[in-house]
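The structure under discussion appears below in the form of structure tokens.
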Amino acid sequence: MRFKIAIIFLICLCCTPALLAQSQTKKSRAELEREKAEIQKRLLEFDQILKKTAETKKVSVGQLNVVNKQLQTRVNYINTLSREVRLIDTEIRETENKISALENDLKNMKEEYSGMIYTSSKLNQGMTMTAFVFSSSTFKQFYMRLKYLKQYSDARKKQVEQIEKTTAELAAQRENLETKKNEKQNILAQEQQQKQQLDKAKQEQQGIVNSLTKQEQDLRKQIAAAKKQQENLNRAIRAIIEEEIRRAEAEAKKANSTATRSSGSSIPLTPEAAALSSSFAGNRGKLPWPVESGFVSRPFGTHPHPTVKGVTEDNDGVDIQTTPNANVRAVFDGEVTKIFTVPGYGGTIVVKHGEYYTMYSKLKVISVKSGDKVTAKQVLGQVYTNKDGVAEVHFETWKGLTPMDPSIWLAGR
């Protein structure tokens, strides 16, 4: 009994790594397919954005931004395809090993079957099985020969069944191998096509950079103007939040007020506002984007200008380039606390989420009004498209009077 248990344990021990490897391969393939689908979706989005931007026939930084994003995403796509090829190569080797093992098993089984036939003929000395049984001299010998005949017949039947099963499995694995080889060729063809498109995009990128370099003087003026507009926007937002804080503190001093200032909070909050603030904080890295499609064209903080050397740009939020007329959405439940206009930033909406604030600028249409309660993904308005054909929403997140990087609050893309 112990011997049987030991044998079973050894078989399981041998099979487990193979089963785990097979499971891991399936998981990896599924992950790669999801990654490829997401990248293809993103490339399609960038193509649509670039097409709209290029309709103006004027080279712009916005056009360069989307081409740069295309390049980066296409490189990721090529890397994903390369990983898929390597994974298929591993599957091909595993399948070839299975085929080799099955061929060896089939050869051994056929040899064993031939040995059984040969041994049987030798033992019976040319007699038929029936004659062999009925030539018994005693009943005991008759019974033993009959039992031997059944065992021999069962063994041959099982051996034939195993040979047929192994032959079918071998054929299936050979077909599987051929499928994987064809699949590999298709992926290699896709990879080559993507590399050609990458080279074409690089040429387009260089052409845009060359054109923008010739416009450096105008770009410097635009950068200086944009800096002043950003400063005006920041002053307006800060003034709005300061007023909100003063109002909250005044309310907190009133009799029967439930508002309190918790540890680390920048503003006295009612229990309801404190719960909303806590919920907002708990969704860090999970908030939906303020637009359904697009990419970050200008990140948070200080960063170099894409074409004008030695010039940096400051950003207290992120700019997200999207398609013209795209809907701009609230990223979380809250209350519209202010709607105003800033030159260069168009319509602007500030939404309060407890002690947190989100701000949406560069809107051409506004669909809400001050005091409105909004929910996550509710449409606030539509994005403005500038004279260069660039549709871009400016988005900021603040905790009290401190601006934060919106990228760490939004769900990854």
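Letters A, B, ... go to the chains of the structure tokens in the order shown; residues in each chain start at 1; ligands are counted from 1 in the same order.
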Would you list, as JSON, numbers by chain, the residues of stretch 171-322 of chain A that end up in alpha helix (DSSP H) under DSSP run on this structure's backbone?
{"A": [171, 172, 173, 174, 175, 176, 177, 178, 179, 180, 181, 182, 183, 184, 185, 186, 187, 188, 189, 190, 191, 192, 193, 194, 195, 196, 197, 198, 199, 200, 201, 202, 203, 204, 205, 206, 207, 208, 209, 210, 211, 212, 213, 214, 216, 217, 218, 219, 220, 221, 222, 223, 224, 225, 226, 227, 228, 229, 230, 231, 232, 233, 234, 235, 236, 237, 238, 239, 240, 241, 242, 243, 244, 245, 246, 247, 248, 249, 250, 251, 252, 253, 271, 272, 273, 274, 275, 276, 277, 278, 279, 280, 281, 282]}
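Among the candidate residues A:Ser277, A:Thr73, A:Thr397, A:Thr138, the one lying nearest to A:Gln197 is A:Thr73, with distances computed using only C-alpha atoms.
The smallest atom-to-atom distance between A:Met359 and any of A:Gly389, A:Pro288, A:Pro271, A:Pro406, using only C-alpha atoms, is found for A:Pro406.
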Excluding A:Ala273 and residues on its chain fewer than 3 positions from it, collect all residues at most 8 Å away from it, counting only C-alpha atoms, and give them as a list in words.
Leu269, Thr270, Leu276, Ser277, His353, Gly354 and Glu355 of chain A
Would you mind listing what lies within 8 Å of A:Leu410 as number ranges by chain, with only C-alpha atoms counted and same-chain residues fewer than 3 positions away left out?
A: 284-289, 406-407
Kindly export the residues of the current selection with C-alpha atoms, as a short mmCIF file (atom, residue, chain, number, x, y, z; two decimals), in the first residue's frame.
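File written: result-v6.cif
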```cif
data_model
loop_
_atom_site.label_atom_id
_atom_site.label_comp_id
_atom_site.auth_asym_id
_atom_site.auth_seq_id
_atom_site.Cartn_x
_atom_site.Cartn_y
_atom_site.Cartn_z
CA ARG A 284 -6.62 57.64 -5.62
CA GLY A 285 -5.41 56.02 -8.84
CA LYS A 286 -8.94 54.84 -9.70
CA LEU A 287 -10.73 58.00 -10.86
CA PRO A 288 -12.14 57.93 -14.41
CA TRP A 289 -10.58 60.28 -16.94
CA PRO A 406 -3.72 64.56 -11.43
CA SER A 407 -1.93 61.59 -13.02
#
```
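For the atom pair formed by atom CA of A:Val331 and atom CA of A:Arg42, the distance is 20.5 Å, given to one decimal.
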Report as a VMD selection string all protein, DNA and RNA residues lying within 12 Å of A:Ala239, evaluated on only C-alpha atoms, omitting residues in the same chain fewer than 6 positions from it.
chain A and resid 232 to 233 245 to 246 338 350 400 to 401
Write the residues you've just listed into a file as a PDB file, in the first residue's frame, and include C-alpha atoms for each of them.
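again_32.pdb, freshly written:
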```
ATOM      1  CA  ASN A 232      -4.112  84.022 -13.972  1.00  0.00           C
ATOM      2  CA  LEU A 233      -5.884  80.685 -13.775  1.00  0.00           C
ATOM      3  CA  ILE A 245     -12.254  77.929   3.375  1.00  0.00           C
ATOM      4  CA  ARG A 246     -13.368  81.260   4.884  1.00  0.00           C
ATOM      5  CA  LYS A 338     -17.693  77.983  -9.379  1.00  0.00           C
ATOM      6  CA  VAL A 350     -14.486  73.958 -10.250  1.00  0.00           C
ATOM      7  CA  GLY A 400      -7.141  72.696  -0.053  1.00  0.00           C
ATOM      8  CA  LEU A 401      -4.692  75.274  -1.434  1.00  0.00           C
TER       9      LEU A 401
END
```
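Straight-line separation from atom CA of A:Gly371 to atom CA of A:Gly294: 28.8 Å.
The gap separating atom CA of A:Arg34 from atom CA of A:Phe280 is 28.9 Å, in Å to one decimal.
The list of residues with at least one atom within 9 Å of A:Val67, based on only C-alpha atoms and without residues fewer than 2 positions apart in the same chain, reads Phe46, Asp47, Leu50, Gly62, Gln63, Leu64, Asn65, Lys69, Gln70, Leu71, Gln72, Ala201, Lys202, Glu204 and Gln205 of chain A.
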Export, as an mmCIF file, in the first residue's frame, the selected residues with N, CA and C atoms.
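This is the output file part-v3.cif:
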```cif
data_model
loop_
_atom_site.group_PDB
_atom_site.id
_atom_site.type_symbol
_atom_site.label_atom_id
_atom_site.label_comp_id
_atom_site.auth_asym_id
_atom_site.auth_seq_id
_atom_site.Cartn_x
_atom_site.Cartn_y
_atom_site.Cartn_z
ATOM 1 N N PHE A 46 -5.438 57.627 -31.360
ATOM 2 C CA PHE A 46 -4.434 58.606 -31.786
ATOM 3 C C PHE A 46 -4.587 58.940 -33.269
ATOM 4 N N ASP A 47 -4.922 57.926 -34.066
ATOM 5 C CA ASP A 47 -5.143 58.170 -35.498
ATOM 6 C C ASP A 47 -6.292 59.160 -35.701
ATOM 7 N N LEU A 50 -5.125 62.648 -34.567
ATOM 8 C CA LEU A 50 -4.178 63.214 -35.534
ATOM 9 C C LEU A 50 -4.887 63.649 -36.812
ATOM 10 N N GLY A 62 0.531 70.583 -30.931
ATOM 11 C CA GLY A 62 -0.477 69.548 -30.684
ATOM 12 C C GLY A 62 -0.330 68.376 -31.638
ATOM 13 N N GLN A 63 -0.017 68.675 -32.886
ATOM 14 C CA GLN A 63 0.193 67.618 -33.879
ATOM 15 C C GLN A 63 1.434 66.804 -33.517
ATOM 16 N N LEU A 64 2.481 67.505 -33.063
ATOM 17 C CA LEU A 64 3.705 66.811 -32.642
ATOM 18 C C LEU A 64 3.431 65.917 -31.438
ATOM 19 N N ASN A 65 2.619 66.413 -30.502
ATOM 20 C CA ASN A 65 2.307 65.631 -29.300
ATOM 21 C C ASN A 65 1.658 64.294 -29.635
ATOM 22 N N LYS A 69 3.137 60.488 -29.203
ATOM 23 C CA LYS A 69 2.404 59.456 -28.462
ATOM 24 C C LYS A 69 2.200 58.214 -29.330
ATOM 25 N N GLN A 70 1.940 58.428 -30.608
ATOM 26 C CA GLN A 70 1.807 57.302 -31.535
ATOM 27 C C GLN A 70 3.094 56.487 -31.579
ATOM 28 N N LEU A 71 4.215 57.195 -31.686
ATOM 29 C CA LEU A 71 5.523 56.526 -31.747
ATOM 30 C C LEU A 71 5.747 55.671 -30.499
ATOM 31 N N GLN A 72 5.522 56.262 -29.357
ATOM 32 C CA GLN A 72 5.723 55.554 -28.095
ATOM 33 C C GLN A 72 4.830 54.316 -28.010
ATOM 34 N N ALA A 201 6.354 57.047 -39.234
ATOM 35 C CA ALA A 201 5.980 58.013 -38.201
ATOM 36 C C ALA A 201 7.184 58.830 -37.749
ATOM 37 N N LYS A 202 8.355 58.202 -37.697
ATOM 38 C CA LYS A 202 9.569 58.926 -37.313
ATOM 39 C C LYS A 202 9.901 60.012 -38.339
ATOM 40 N N GLU A 204 7.682 61.507 -40.209
ATOM 41 C CA GLU A 204 6.659 62.537 -40.012
ATOM 42 C C GLU A 204 7.004 63.402 -38.801
ATOM 43 N N GLN A 205 7.464 62.754 -37.751
ATOM 44 C CA GLN A 205 7.850 63.476 -36.544
ATOM 45 C C GLN A 205 8.976 64.473 -36.834
#
```
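Distances to A:Val393 were evaluated for A:Glu313, A:Glu183, A:Asp372, A:Glu292 using only C-alpha atoms, and the minimum falls at A:Glu292.
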Pick out the residues sitting within 8 Å of stretch 347-349 of chain A, and hand them over as a ChimeraX atom specification; count only C-alpha atoms, and ignore anything fewer than 5 positions along from it in its own chain.
/A:336-342,359-366
Go ahead and save the picked residues with N, CA and C atoms, as a short mmCIF file (atom, residue, chain, number, x, y, z; two decimals), in the first residue's frame.
```
data_model
loop_
_atom_site.label_atom_id
_atom_site.label_comp_id
_atom_site.auth_asym_id
_atom_site.auth_seq_id
_atom_site.Cartn_x
_atom_site.Cartn_y
_atom_site.Cartn_z
N VAL A 336 -20.68 71.59 -7.91
CA VAL A 336 -20.09 72.66 -8.71
C VAL A 336 -20.04 73.91 -7.85
N THR A 337 -18.82 74.36 -7.54
CA THR A 337 -18.69 75.51 -6.66
C THR A 337 -18.45 76.81 -7.40
N LYS A 338 -17.94 76.74 -8.63
CA LYS A 338 -17.69 77.98 -9.38
C LYS A 338 -17.57 77.69 -10.87
N ILE A 339 -18.10 78.61 -11.67
CA ILE A 339 -17.93 78.57 -13.13
C ILE A 339 -17.45 79.95 -13.55
N PHE A 340 -16.35 80.00 -14.29
CA PHE A 340 -15.81 81.29 -14.71
C PHE A 340 -15.03 81.11 -16.01
N THR A 341 -14.54 82.23 -16.55
CA THR A 341 -13.79 82.21 -17.81
C THR A 341 -12.44 82.89 -17.60
N VAL A 342 -11.39 82.28 -18.13
CA VAL A 342 -10.05 82.85 -18.10
C VAL A 342 -9.53 82.91 -19.52
N MET A 359 -10.71 70.71 -11.23
CA MET A 359 -10.98 71.84 -12.11
C MET A 359 -10.84 71.42 -13.56
N TYR A 360 -11.79 71.87 -14.38
CA TYR A 360 -11.86 71.50 -15.78
C TYR A 360 -11.87 72.78 -16.62
N SER A 361 -10.85 72.96 -17.47
CA SER A 361 -10.74 74.19 -18.27
C SER A 361 -10.68 73.86 -19.75
N LYS A 362 -10.75 74.94 -20.56
CA LYS A 362 -10.74 74.87 -22.02
C LYS A 362 -12.03 74.22 -22.53
N LEU A 363 -13.15 74.68 -21.98
CA LEU A 363 -14.46 74.20 -22.41
C LEU A 363 -15.13 75.24 -23.30
N LYS A 364 -15.78 74.78 -24.35
CA LYS A 364 -16.54 75.70 -25.21
C LYS A 364 -18.02 75.70 -24.85
N VAL A 365 -18.48 74.60 -24.25
CA VAL A 365 -19.87 74.47 -23.81
C VAL A 365 -19.87 74.01 -22.37
N ILE A 366 -20.70 74.62 -21.52
CA ILE A 366 -20.83 74.21 -20.12
C ILE A 366 -22.28 73.79 -19.87
#
```
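Distance check against A:Lys399 using only C-alpha atoms: of A:His305, A:Arg238, A:Lys98, A:Lys373, the minimum falls on A:Arg238.
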I'd like to know which residues of stretch 292-331 of chain A are strand (DSSP E or B) (by DSSP, run on the backbone); could you write them as an MDAnalysis selection string?
chainID A and resid 295:298 301:304 312:315 318:322 327:329
Save out the residues we just selected, all heavy atoms, as a compact mmCIF listing (two decimals), in the first residue's frame.
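Saved the output as result-v4.txt:
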```
# COMPACT_ATOMS: atom_id res chain seq x y z
N PHE A 295 -4.98 61.48 -24.46
CA PHE A 295 -3.70 61.21 -23.81
C PHE A 295 -3.18 62.49 -23.17
O PHE A 295 -3.59 63.60 -23.54
CB PHE A 295 -2.68 60.67 -24.82
CG PHE A 295 -2.32 61.67 -25.90
CD1 PHE A 295 -1.21 62.50 -25.77
CD2 PHE A 295 -3.10 61.78 -27.05
CE1 PHE A 295 -0.88 63.42 -26.75
CE2 PHE A 295 -2.78 62.71 -28.03
CZ PHE A 295 -1.68 63.53 -27.89
N VAL A 296 -2.29 62.35 -22.21
CA VAL A 296 -1.69 63.51 -21.55
C VAL A 296 -0.68 64.15 -22.50
O VAL A 296 0.35 63.57 -22.80
CB VAL A 296 -1.02 63.11 -20.22
CG1 VAL A 296 -0.27 64.31 -19.62
CG2 VAL A 296 -2.05 62.58 -19.23
N SER A 297 -1.01 65.35 -22.97
CA SER A 297 -0.13 66.06 -23.91
C SER A 297 0.86 66.96 -23.18
O SER A 297 1.95 67.24 -23.68
CB SER A 297 -0.96 66.88 -24.89
OG SER A 297 -1.91 67.68 -24.22
N ARG A 298 0.48 67.44 -21.99
CA ARG A 298 1.39 68.24 -21.15
C ARG A 298 1.24 67.72 -19.72
O ARG A 298 0.18 67.82 -19.12
CB ARG A 298 1.04 69.73 -21.21
CG ARG A 298 1.37 70.38 -22.53
CD ARG A 298 0.99 71.86 -22.54
NE ARG A 298 1.76 72.63 -21.59
CZ ARG A 298 1.24 73.38 -20.61
NH1 ARG A 298 -0.07 73.42 -20.45
NH2 ARG A 298 2.01 74.06 -19.80
N GLY A 301 3.75 69.63 -13.48
CA GLY A 301 5.08 70.07 -13.05
C GLY A 301 5.84 70.82 -14.12
O GLY A 301 5.27 71.31 -15.10
N THR A 302 7.15 70.89 -13.93
CA THR A 302 8.03 71.60 -14.86
C THR A 302 8.64 70.61 -15.84
O THR A 302 9.15 69.56 -15.44
CB THR A 302 9.16 72.32 -14.09
OG1 THR A 302 8.57 73.23 -13.16
CG2 THR A 302 10.07 73.09 -15.04
N HIS A 303 8.57 70.93 -17.12
CA HIS A 303 9.09 70.02 -18.14
C HIS A 303 9.58 70.83 -19.34
O HIS A 303 9.12 71.97 -19.57
CB HIS A 303 7.99 69.04 -18.60
CG HIS A 303 6.72 69.72 -18.98
ND1 HIS A 303 6.47 70.18 -20.25
CD2 HIS A 303 5.63 70.05 -18.25
CE1 HIS A 303 5.27 70.75 -20.29
NE2 HIS A 303 4.74 70.69 -19.08
N PRO A 304 10.53 70.29 -20.11
CA PRO A 304 11.07 71.04 -21.25
C PRO A 304 10.06 71.14 -22.39
O PRO A 304 9.23 70.24 -22.58
CB PRO A 304 12.30 70.22 -21.67
CG PRO A 304 12.00 68.83 -21.19
CD PRO A 304 11.21 69.00 -19.93
N THR A 312 11.48 75.85 -20.53
CA THR A 312 10.66 74.92 -19.75
C THR A 312 9.26 75.49 -19.57
O THR A 312 9.05 76.70 -19.65
CB THR A 312 11.28 74.65 -18.36
OG1 THR A 312 11.41 75.88 -17.66
CG2 THR A 312 12.64 73.98 -18.50
N GLU A 313 8.32 74.59 -19.31
CA GLU A 313 6.93 74.99 -19.08
C GLU A 313 6.49 74.46 -17.73
O GLU A 313 6.88 73.35 -17.33
CB GLU A 313 6.02 74.42 -20.17
CG GLU A 313 6.32 74.94 -21.56
CD GLU A 313 5.44 74.30 -22.62
OE1 GLU A 313 5.56 73.07 -22.82
OE2 GLU A 313 4.64 75.02 -23.23
N ASP A 314 5.69 75.26 -17.02
CA ASP A 314 5.14 74.84 -15.72
C ASP A 314 3.67 74.52 -15.89
O ASP A 314 2.95 75.20 -16.62
CB ASP A 314 5.32 75.95 -14.69
CG ASP A 314 6.79 76.22 -14.38
OD1 ASP A 314 7.55 75.25 -14.28
OD2 ASP A 314 7.16 77.41 -14.29
N ASN A 315 3.24 73.49 -15.18
CA ASN A 315 1.84 73.07 -15.28
C ASN A 315 1.36 72.60 -13.91
O ASN A 315 1.95 71.69 -13.32
CB ASN A 315 1.69 71.95 -16.32
CG ASN A 315 0.26 71.76 -16.77
OD1 ASN A 315 -0.66 72.35 -16.23
ND2 ASN A 315 0.06 70.92 -17.77
N VAL A 318 -2.76 68.76 -15.70
CA VAL A 318 -2.36 68.05 -16.92
C VAL A 318 -3.27 68.53 -18.05
O VAL A 318 -4.42 68.91 -17.83
CB VAL A 318 -2.48 66.51 -16.79
CG1 VAL A 318 -1.49 65.97 -15.79
CG2 VAL A 318 -3.90 66.09 -16.42
N ASP A 319 -2.72 68.54 -19.25
CA ASP A 319 -3.52 68.82 -20.44
C ASP A 319 -3.74 67.50 -21.15
O ASP A 319 -2.78 66.74 -21.38
CB ASP A 319 -2.80 69.82 -21.34
CG ASP A 319 -2.76 71.21 -20.71
OD1 ASP A 319 -1.82 71.49 -19.94
OD2 ASP A 319 -3.67 71.99 -20.99
N ILE A 320 -4.99 67.22 -21.48
CA ILE A 320 -5.34 65.96 -22.13
C ILE A 320 -5.87 66.26 -23.53
O ILE A 320 -6.90 66.92 -23.68
CB ILE A 320 -6.40 65.18 -21.32
CG1 ILE A 320 -5.87 64.89 -19.92
CG2 ILE A 320 -6.78 63.89 -22.03
CD1 ILE A 320 -6.89 64.27 -18.99
N GLN A 321 -5.13 65.81 -24.53
CA GLN A 321 -5.53 66.03 -25.92
C GLN A 321 -6.54 64.97 -26.32
O GLN A 321 -6.34 63.77 -26.08
CB GLN A 321 -4.31 65.98 -26.84
CG GLN A 321 -4.53 66.63 -28.19
CD GLN A 321 -3.21 66.88 -28.92
OE1 GLN A 321 -2.20 67.17 -28.30
NE2 GLN A 321 -3.23 66.79 -30.23
N THR A 322 -7.63 65.39 -26.93
CA THR A 322 -8.71 64.48 -27.28
C THR A 322 -9.29 64.86 -28.63
O THR A 322 -8.65 65.60 -29.39
CB THR A 322 -9.80 64.50 -26.16
OG1 THR A 322 -10.81 63.55 -26.47
CG2 THR A 322 -10.41 65.87 -26.00
N ASN A 327 -16.96 65.15 -24.92
CA ASN A 327 -17.60 65.49 -23.65
C ASN A 327 -16.57 65.50 -22.53
O ASN A 327 -15.71 64.61 -22.45
CB ASN A 327 -18.70 64.48 -23.31
CG ASN A 327 -19.93 64.65 -24.17
OD1 ASN A 327 -20.25 65.77 -24.61
ND2 ASN A 327 -20.65 63.57 -24.42
N VAL A 328 -16.67 66.50 -21.66
CA VAL A 328 -15.82 66.58 -20.47
C VAL A 328 -16.67 66.14 -19.28
O VAL A 328 -17.79 66.63 -19.09
CB VAL A 328 -15.28 68.01 -20.27
CG1 VAL A 328 -14.43 68.08 -19.00
CG2 VAL A 328 -14.45 68.43 -21.48
N ARG A 329 -16.14 65.19 -18.48
CA ARG A 329 -16.93 64.55 -17.43
C ARG A 329 -16.35 64.79 -16.04
O ARG A 329 -15.13 64.93 -15.88
CB ARG A 329 -16.99 63.05 -17.68
CG ARG A 329 -17.27 62.65 -19.11
CD ARG A 329 -17.19 61.16 -19.30
NE ARG A 329 -15.88 60.63 -18.99
CZ ARG A 329 -15.56 59.33 -19.00
NH1 ARG A 329 -16.48 58.45 -19.31
NH2 ARG A 329 -14.34 58.93 -18.71
```
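Ranking A:Val390, A:Ile78, A:Val308, A:Ile99 by their shortest atom-to-atom distance to A:Ala172, with only C-alpha atoms included, puts A:Ile99 first.
Shortest atom-to-atom contact with A:Arg220 among A:Ala275, A:Val311, A:Val75, A:Met404: A:Val311, counting only C-alpha atoms.
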